[in-house]
$ cat upload02.txt   # compact mmCIF, C-alpha atoms
# COMPACT_ATOMS: atom_id res chain seq x y z
CA MET H 47 26.93 15.34 24.43
CA LYS H 48 24.74 18.22 23.24
CA ASP H 49 23.06 15.84 20.77
CA SER H 50 22.40 13.24 23.47
CA ARG H 51 20.84 15.87 25.75
CA ASN H 52 18.57 17.09 22.96
CA ARG H 53 17.51 13.52 22.21
CA GLY H 54 16.74 13.01 25.89
CA LEU H 55 14.58 16.11 26.02
CA ASP H 56 12.83 15.19 22.77
CA PHE H 57 12.17 11.74 24.22
CA VAL H 58 10.26 13.23 27.14
CA LEU H 59 8.45 15.91 25.16
CA ARG H 60 6.94 13.30 22.84
CA HIS H 61 5.29 11.55 25.77
CA TYR H 62 3.05 14.23 27.19
CA ARG H 63 -0.40 15.45 26.21
CA GLU H 64 -1.52 19.00 26.88
CA GLY H 65 -3.97 19.21 29.76
CA ALA H 66 -3.29 15.68 30.94
CA LEU H 67 0.32 16.05 32.05
CA ASP H 68 2.49 18.68 33.76
CA ASN H 69 4.81 19.23 30.79
CA ARG H 70 6.80 22.11 32.24
CA LYS H 71 7.47 20.36 35.51
CA ALA H 72 8.51 17.19 33.76
CA LEU H 73 10.81 19.09 31.40
CA ARG H 74 12.49 20.99 34.24
CA ASN H 75 13.08 17.85 36.25
CA VAL H 76 14.40 15.83 33.36
CA ARG H 77 16.68 18.66 32.16
CA ALA H 78 18.15 18.90 35.64
CA ARG H 79 18.63 15.15 35.87
CA LEU H 80 20.31 14.97 32.47
CA ALA H 81 22.61 17.86 33.29
CA ALA H 82 23.64 16.24 36.58
CA SER H 83 24.14 12.70 35.41
CA GLN H 84 24.67 13.18 31.66
CA VAL H 85 22.27 10.32 31.02
CA LYS H 86 22.26 9.14 27.44
CA VAL H 87 18.82 7.92 26.36
CA PRO H 88 19.30 5.20 23.73
CA MET H 89 16.92 5.03 20.81
CA PRO H 90 15.67 1.84 19.14
CA ARG H 91 18.07 0.70 16.47
CA LEU H 92 18.69 -2.25 14.20
CA PRO H 93 21.95 -4.12 14.53
CA GLU H 94 24.33 -2.85 11.86
CA TRP H 95 25.57 -6.32 10.97
CA ARG H 96 22.15 -7.36 9.64
CA ALA H 97 22.62 -5.18 6.60
CA VAL H 98 26.05 -6.43 5.65
CA LEU H 99 26.62 -9.98 6.80
CA GLY H 100 25.85 -12.97 4.61
CA VAL H 101 24.27 -16.18 5.79
CA ALA H 102 27.52 -18.06 6.32
CA ALA H 103 29.17 -15.24 8.23
CA SER H 104 26.10 -14.80 10.42
CA LEU H 105 26.05 -18.45 11.37
CA LEU H 106 29.72 -18.30 12.30
CA MET H 107 29.02 -15.28 14.46
CA VAL H 108 26.09 -16.75 16.35
CA ALA H 109 28.14 -19.89 17.01
CA GLY H 110 30.18 -17.79 19.40
CA ILE H 111 27.24 -15.82 20.85
CA PHE H 112 24.65 -18.54 21.28
CA GLY H 113 24.85 -22.02 22.64
CA TRP H 114 25.59 -24.14 19.53
CA SER H 115 25.21 -27.88 19.29
CA ARG H 116 24.38 -30.62 16.80
CA HIS H 117 22.27 -33.70 17.34
CA ASN H 118 21.13 -36.03 14.58
CA SER H 119 22.08 -33.43 11.93
CA PHE H 120 20.08 -30.66 13.65
CA THR H 121 21.69 -27.35 14.52
CA ARG H 122 20.48 -25.91 17.81
CA LEU H 123 20.84 -22.29 18.87
CA GLU H 124 20.12 -20.98 22.37
CA SER H 125 19.63 -17.41 23.57
CA GLY H 126 20.89 -17.77 27.14
CA LEU H 127 19.93 -15.09 29.65
CA GLU H 128 19.41 -12.32 27.08
CA LYS H 129 17.38 -12.03 23.91
CA ARG H 130 19.37 -12.68 20.76
CA GLU H 131 18.87 -12.01 17.07
CA LEU H 132 20.26 -14.18 14.31
CA LEU H 133 20.08 -14.71 10.58
CA LEU H 134 18.82 -18.13 9.44
CA PRO H 135 20.26 -19.93 6.39
CA ASP H 136 17.27 -18.85 4.24
CA SER H 137 17.93 -15.18 5.18
CA SER H 138 14.97 -15.01 7.56
CA VAL H 139 15.64 -13.29 10.88
CA VAL H 140 14.64 -14.67 14.28
CA THR H 141 14.81 -12.96 17.65
CA LEU H 142 14.91 -15.40 20.56
CA ALA H 143 13.52 -14.35 23.92
CA PRO H 144 15.70 -15.12 26.97
CA GLY H 145 15.78 -18.82 27.80
CA SER H 146 14.62 -19.90 24.33
CA GLU H 147 16.12 -22.05 21.58
CA ILE H 148 15.48 -23.14 18.00
CA SER H 149 16.79 -26.07 16.00
CA PHE H 150 16.83 -26.75 12.25
CA ARG H 151 18.67 -28.55 9.44
CA ILE H 152 20.99 -26.15 7.63
CA LYS H 153 20.91 -27.98 4.29
CA GLU H 154 17.11 -27.94 4.15
CA MET H 155 16.85 -24.31 5.17
CA ARG H 156 19.19 -22.96 2.48
CA GLY H 157 18.54 -25.55 -0.23
CA ASP H 158 15.36 -26.68 -1.91
CA GLY H 159 14.04 -28.54 1.13
CA LYS H 160 11.28 -27.35 3.40
CA ARG H 161 11.97 -24.50 5.75
CA SER H 162 11.19 -25.79 9.23
CA VAL H 163 12.40 -24.90 12.72
CA ARG H 164 11.58 -26.30 16.12
CA LEU H 165 11.08 -23.79 18.93
CA ARG H 166 11.36 -24.02 22.68
CA GLY H 167 10.31 -20.82 24.42
CA LYS H 168 9.36 -17.60 22.63
CA ALA H 169 10.62 -16.01 19.43
CA PHE H 170 9.79 -13.32 16.88
CA PHE H 171 10.25 -14.23 13.22
CA GLU H 172 10.76 -12.06 10.14
CA VAL H 173 10.39 -14.60 7.35
CA VAL H 174 11.66 -14.03 3.83
CA HIS H 175 8.92 -14.71 1.30
CA ASP H 176 9.26 -17.87 -0.76
CA GLY H 177 6.05 -18.95 -2.50
CA LYS H 178 7.43 -22.41 -3.23
CA ARG H 179 8.74 -23.13 0.24
CA PRO H 180 6.47 -22.36 3.20
CA PHE H 181 8.15 -21.67 6.53
CA GLU H 182 7.05 -23.74 9.53
CA VAL H 183 7.59 -23.23 13.25
CA ARG H 184 6.94 -26.35 15.29
CA SER H 185 6.70 -26.99 18.98
CA GLU H 186 4.97 -29.58 21.12
CA GLY H 187 1.28 -29.43 20.16
CA LEU H 188 1.75 -26.39 17.90
CA CYS H 189 2.49 -25.71 14.23
CA VAL H 190 2.68 -22.29 12.55
CA ARG H 191 2.90 -22.16 8.76
CA VAL H 192 3.68 -19.05 6.68
CA LEU H 193 5.05 -17.94 3.31
CA GLY H 194 6.56 -14.62 4.37
CA THR H 195 5.58 -12.42 7.31
CA ARG H 196 6.46 -11.04 10.76
CA PHE H 197 5.02 -12.85 13.75
CA GLU H 198 5.64 -14.01 17.32
CA VAL H 199 5.28 -17.57 18.60
CA ASP H 200 5.05 -18.30 22.33
CA ALA H 201 5.45 -22.07 22.55
CA PRO H 202 4.69 -22.48 26.30
CA LYS H 203 1.43 -20.53 25.85
CA HIS H 204 0.63 -22.24 22.51
CA SER H 205 -0.03 -18.81 21.07
CA CYS H 206 0.84 -16.73 18.03
CA TYR H 207 0.59 -13.02 17.19
CA VAL H 208 0.88 -11.64 13.64
CA GLU H 209 2.48 -8.22 13.18
CA ASP H 210 2.27 -8.35 9.39
CA GLY H 211 1.23 -10.85 6.73
CA LYS H 212 -0.71 -14.10 7.16
CA VAL H 213 -0.13 -17.08 9.41
CA LEU H 214 -1.87 -20.45 9.77
CA LEU H 215 -1.99 -21.64 13.39
CA ALA H 216 -2.78 -25.29 14.07
CA ALA H 217 -1.97 -28.09 16.49
CA SER H 218 -0.07 -29.95 13.77
CA SER H 219 0.63 -29.71 10.04
CA GLY H 220 -2.30 -32.00 9.25
CA SER H 221 -4.92 -30.57 11.61
CA GLU H 222 -7.50 -27.84 11.11
CA GLY H 223 -6.09 -24.39 11.69
CA MET H 224 -6.99 -20.71 11.92
CA LEU H 225 -5.79 -18.09 9.45
CA LEU H 226 -4.42 -15.05 11.27
CA THR H 227 -3.81 -11.71 9.59
CA ARG H 228 -2.14 -8.47 10.65
CA GLY H 229 -2.86 -7.52 14.26
CA MET H 230 -4.52 -10.84 15.12
CA GLY H 231 -3.48 -13.33 17.76
CA ALA H 232 -4.71 -16.76 18.81
CA ARG H 233 -3.84 -19.62 21.13
CA LEU H 234 -4.56 -23.33 21.06
CA GLU H 235 -7.05 -24.70 23.56
CA ASN H 236 -7.50 -28.48 23.51
CA GLY H 237 -5.88 -28.49 20.09
CA ARG H 238 -8.23 -25.87 18.60
CA PRO H 239 -7.28 -22.26 17.78
CA VAL H 240 -9.10 -19.55 19.74
CA GLU H 241 -8.71 -15.92 18.74
CA LEU H 242 -7.31 -13.64 21.44
CA ARG H 243 -9.36 -10.66 22.58
CA GLU H 244 -7.92 -7.16 22.35
CA ASP H 245 -7.36 -7.01 26.11
CA GLU H 246 -5.52 -10.35 25.96
CA LEU H 247 -3.17 -9.08 23.27
CA GLY H 248 -2.09 -6.14 25.39
CA LEU H 249 -1.16 -2.62 24.35
CA ASN H 250 2.17 -3.66 22.79
CA PRO H 251 2.07 -7.39 21.93
CA VAL H 252 5.76 -7.71 20.94
CA ALA H 253 7.33 -5.01 23.11
CA TRP H 254 10.07 -7.39 24.33
CA GLN H 255 11.37 -7.69 20.77
CA LYS H 256 11.10 -4.05 19.70
CA GLU H 257 12.66 -2.51 22.83
CA TYR H 258 10.11 0.28 22.92
CA VAL H 259 6.45 0.73 23.80
CA SER H 260 3.93 3.09 22.25
CA TYR H 261 0.76 4.43 23.87
CA GLU H 262 -2.13 6.60 22.74
CA ALA H 263 -4.37 7.82 25.59
CA ALA H 264 -3.77 4.53 27.42
CA PRO H 265 -5.03 4.21 31.02
CA LEU H 266 -2.02 4.19 33.32
CA ASP H 267 -3.23 1.13 35.23
CA LYS H 268 -3.07 -0.94 32.03
CA VAL H 269 0.27 0.60 31.11
CA LEU H 270 1.77 -0.41 34.46
CA LEU H 271 0.48 -3.96 34.18
CA GLU H 272 2.14 -4.26 30.78
CA LEU H 273 5.41 -2.79 32.07
CA GLU H 274 5.38 -5.22 34.99
CA GLU H 275 5.18 -8.16 32.62
CA LEU H 276 7.75 -6.66 30.25
CA PHE H 277 10.33 -5.90 32.95
CA GLY H 278 9.51 -8.89 35.16
CA LYS H 279 9.10 -6.72 38.27
CA ASP H 280 6.21 -5.34 40.30
CA ILE H 281 5.75 -1.56 40.25
CA ALA H 282 4.68 0.37 43.34
CA VAL H 283 2.61 3.55 42.98
CA TYR H 284 2.75 6.47 45.43
CA PRO H 285 0.51 7.93 46.69
CA GLU H 286 -1.10 4.51 47.06
CA ASP H 287 -4.60 5.91 46.48
CA THR H 288 -3.65 7.30 43.04
CA ASP H 289 -6.47 6.67 40.56
CA THR H 290 -4.23 5.31 37.81
CA ALA H 291 -7.22 4.31 35.67
CA SER H 292 -8.07 7.99 35.15
CA LEU H 293 -4.56 9.01 34.06
CA LEU H 294 -4.04 8.72 30.30
CA LEU H 295 -0.60 8.26 28.79
CA SER H 296 0.50 8.92 25.21
CA GLY H 297 3.94 8.61 23.67
CA ASP H 298 6.79 6.29 22.72
CA PHE H 299 9.17 4.97 25.39
CA ASP H 300 12.53 3.29 24.91
CA THR H 301 12.53 0.24 27.21
CA GLU H 302 16.29 -0.35 27.29
CA SER H 303 16.35 1.62 30.55
CA PRO H 304 13.33 0.59 32.69
CA SER H 305 14.19 3.13 35.40
CA ASP H 306 14.07 5.98 32.85
CA VAL H 307 10.61 4.87 31.74
CA LEU H 308 9.30 4.99 35.33
CA ALA H 309 11.05 8.31 35.95
CA ALA H 310 9.48 9.96 32.90
CA ILE H 311 5.97 8.76 33.80
CA SER H 312 6.42 9.74 37.46
CA GLU H 313 7.52 13.26 36.65
CA ALA H 314 4.76 13.71 34.11
CA PHE H 315 1.90 12.85 36.44
CA GLY H 316 3.44 14.16 39.66
CA ILE H 317 3.45 10.71 41.28
CA ARG H 318 6.17 8.26 42.27
CA LEU H 319 6.68 4.90 40.60
CA ARG H 320 9.33 2.42 41.67
CA PHE H 321 10.15 -1.23 41.26
CA VAL H 322 9.32 -3.41 44.25
CA SER H 323 12.37 -5.28 45.50
CA GLN H 324 12.54 -8.43 47.61
CA SER H 325 13.58 -6.30 50.57
CA ASP H 326 10.06 -4.85 50.59
CA GLY H 327 8.90 -8.12 52.13
CA ASN H 328 5.19 -8.75 51.79
CA MET H 329 4.44 -5.31 50.44
CA THR H 330 1.60 -5.54 47.93
CA LEU H 331 1.56 -3.30 44.89
CA ARG H 332 -1.86 -2.62 43.49
CA MET H 333 -3.28 0.17 41.45
CA ASN H 334 -6.18 2.18 42.88
CA GLY H 335 -5.62 0.71 46.32
CA VAL H 336 -6.78 -2.79 45.29

$ encode --input "upload02.txt" --output "structure tokens"
Amino acid sequence: MKDSRNRGLDFVLRHYREGALDNRKALRNVRARLAASQVKVPMPRLPEWRAVLGVAASLLMVAGIFGWSRHNSFTRLESGLEKRELLLPDSSVVTLAPGSEISFRIKEMRGDGKRSVRLRGKAFFEVVHDGKRPFEVRSEGLCVRVLGTRFEVDAPKHSCYVEDGKVLLAASSGSEGMLLTRGMGARLENGRPVELREDELGLNPVAWQKEYVSYEAAPLDKVLLELEELFGKDIAVYPEDTDTASLLLSGDFDTESPSDVLAAISEAFGIRLRFVSQSDGNMTLRMNGV
């Protein structure tokens, strides 16, 4: 328990910048809260089984975790209501966002055939490099082709973001595409790739997959907009006339507990943040009184 308390305190201390935040007040409040509730703040971690399970064992495991079905020799895996991570037959790793699914042919993926998956929804891929066998992600009106890299594909938005490596984004395997490198994103408009602006990418483009967010002197109004999208809930700010654009936030936040994220930010700036529930009726949450 002592270790978990120390980790909780370290978690908060990393978030605050001298002169911008009330560090002492935040520390006192969080220490009291941890002592009263013995809250354990989880840290980002990789699933242990990834390091030890082989391809065959992984596929057997996900058969029980995911929706599993076959149609015309395709294997289809669904994530259900929660995000899921699985190991593909070629040893690449895919993280499916909630409500997403992929399908592929096992023999082609682990043999000498082409590595190709079909995606419905959103997923993050960590593709094992194979210079002789490119990896393709296909969806309606979208084709992403790589050799080995880490990237996100959002099929409904016809968009792609590259965390590392190189990716070719196109409407189909035979159409003209755009080469994306580390930190770049693009979407298809009328079948043509258009690079995403920095403000369109957001502060943490793949936060849903990583389970943490990182900020460096980020305006709080932009932070809250990102957290709203990440958590799928509106966030109310009190006092309502708080100038959130002038408050700058720095630090790393574990997003496994959304309420802890809001609590840490609230205590740091001396304001109150809370999620807006349906019982609030027509209450409108806006930053800076908008």

$ atom_distance --input "upload02.txt" --atom1 "atom CA of H:Glu172" --atom2 "atom CA of H:Trp254"
15.0 Å

$ closest_residue --input "upload02.txt" --among "H:Ser218, H:Ser146, H:Thr290, H:Gln255" --to "H:Val269" --atoms "all atoms listed in the file"
H:Thr290

$ atom_distance --input "upload02.txt" --atom1 "atom CA of H:Arg228" --atom2 "atom CA of H:Leu188"
19.7 Å

$ closest_residue --input "upload02.txt" --among "H:Lys279, H:Arg184, H:Lys178, H:Lys129" --to "H:Arg166" --atoms "all atoms listed in the file"
H:Arg184

$ residues_around --input "upload02.txt" --residues "H:Arg156" --least-positions-apart "6" --cutoff "12 Å" --atoms "only C-alpha atoms" --output "MDAnalysis selection string"
chainID H and resid 101:102 133:138 150 162 174 176 179 181

$ atom_distance --input "upload02.txt" --atom1 "atom CA of H:Cys206" --atom2 "atom CA of H:Gly237"
13.7 Å

$ residues_around --input "upload02.txt" --residues "H:Arg191" --least-positions-apart "4" --cutoff "6 Å" --atoms "only C-alpha atoms" --output "list of chain:residue names"
H:Phe181, H:Glu182, H:Val213, H:Leu214

$ residues_near_point --input "upload02.txt" --point "(9.1, 6.1, 41.9)" --cutoff "7 Å" --atoms "only C-alpha atoms" --output "NGL selection string"
:H and (308-309 or 312 or 318-320)

$ closest_residue --input "upload02.txt" --among "H:Ala253, H:Leu225, H:Ala232, H:Val183" --to "H:Glu275" --atoms "all atoms listed in the file"
H:Ala253

$ closest_residue --input "upload02.txt" --among "H:Pro304, H:Pro239, H:Gly167, H:Gly229" --to "H:Glu274" --atoms "all atoms listed in the file"
H:Pro304

$ residues_around --input "upload02.txt" --residues "H:Gly177" --least-positions-apart "4" --cutoff "10 Å" --atoms "only C-alpha atoms" --output "list in words"
Phe181, Val192, Leu193 and Gly194 of chain H

$ residues_around --input "upload02.txt" --residues "H:Leu293" --least-positions-apart "4" --cutoff "10 Å" --atoms "only C-alpha atoms" --output "ChimeraX atom specification"
/H:66-67,263-267,288-289,315

$ closest_residue --input "upload02.txt" --among "H:Ser296, H:Gly231, H:Phe170, H:Leu142" --to "H:Leu127" --atoms "all atoms listed in the file"
H:Leu142

$ residues_around --input "upload02.txt" --residues "H:Ser149" --least-positions-apart "6" --cutoff "7 Å" --atoms "all atoms listed in the file" --output "list in words"
Phe120, Thr121, Arg122, Leu123, Val163, Arg164 and Leu165 of chain H

$ closest_residue --input "upload02.txt" --among "H:Ile152, H:Val190, H:Ala310, H:Val252" --to "H:Gly220" --atoms "only C-alpha atoms"
H:Val190

$ axis_aligned_box --input "upload02.txt" --around "stretch 306-314 of chain H" --padding-each-side "4 Å" --output "lines of an AutoDock Vina configuration file"
center_x = 9.4
center_y = 9.3
center_z = 34.6
size_x = 17.3
size_y = 16.8
size_z = 13.7
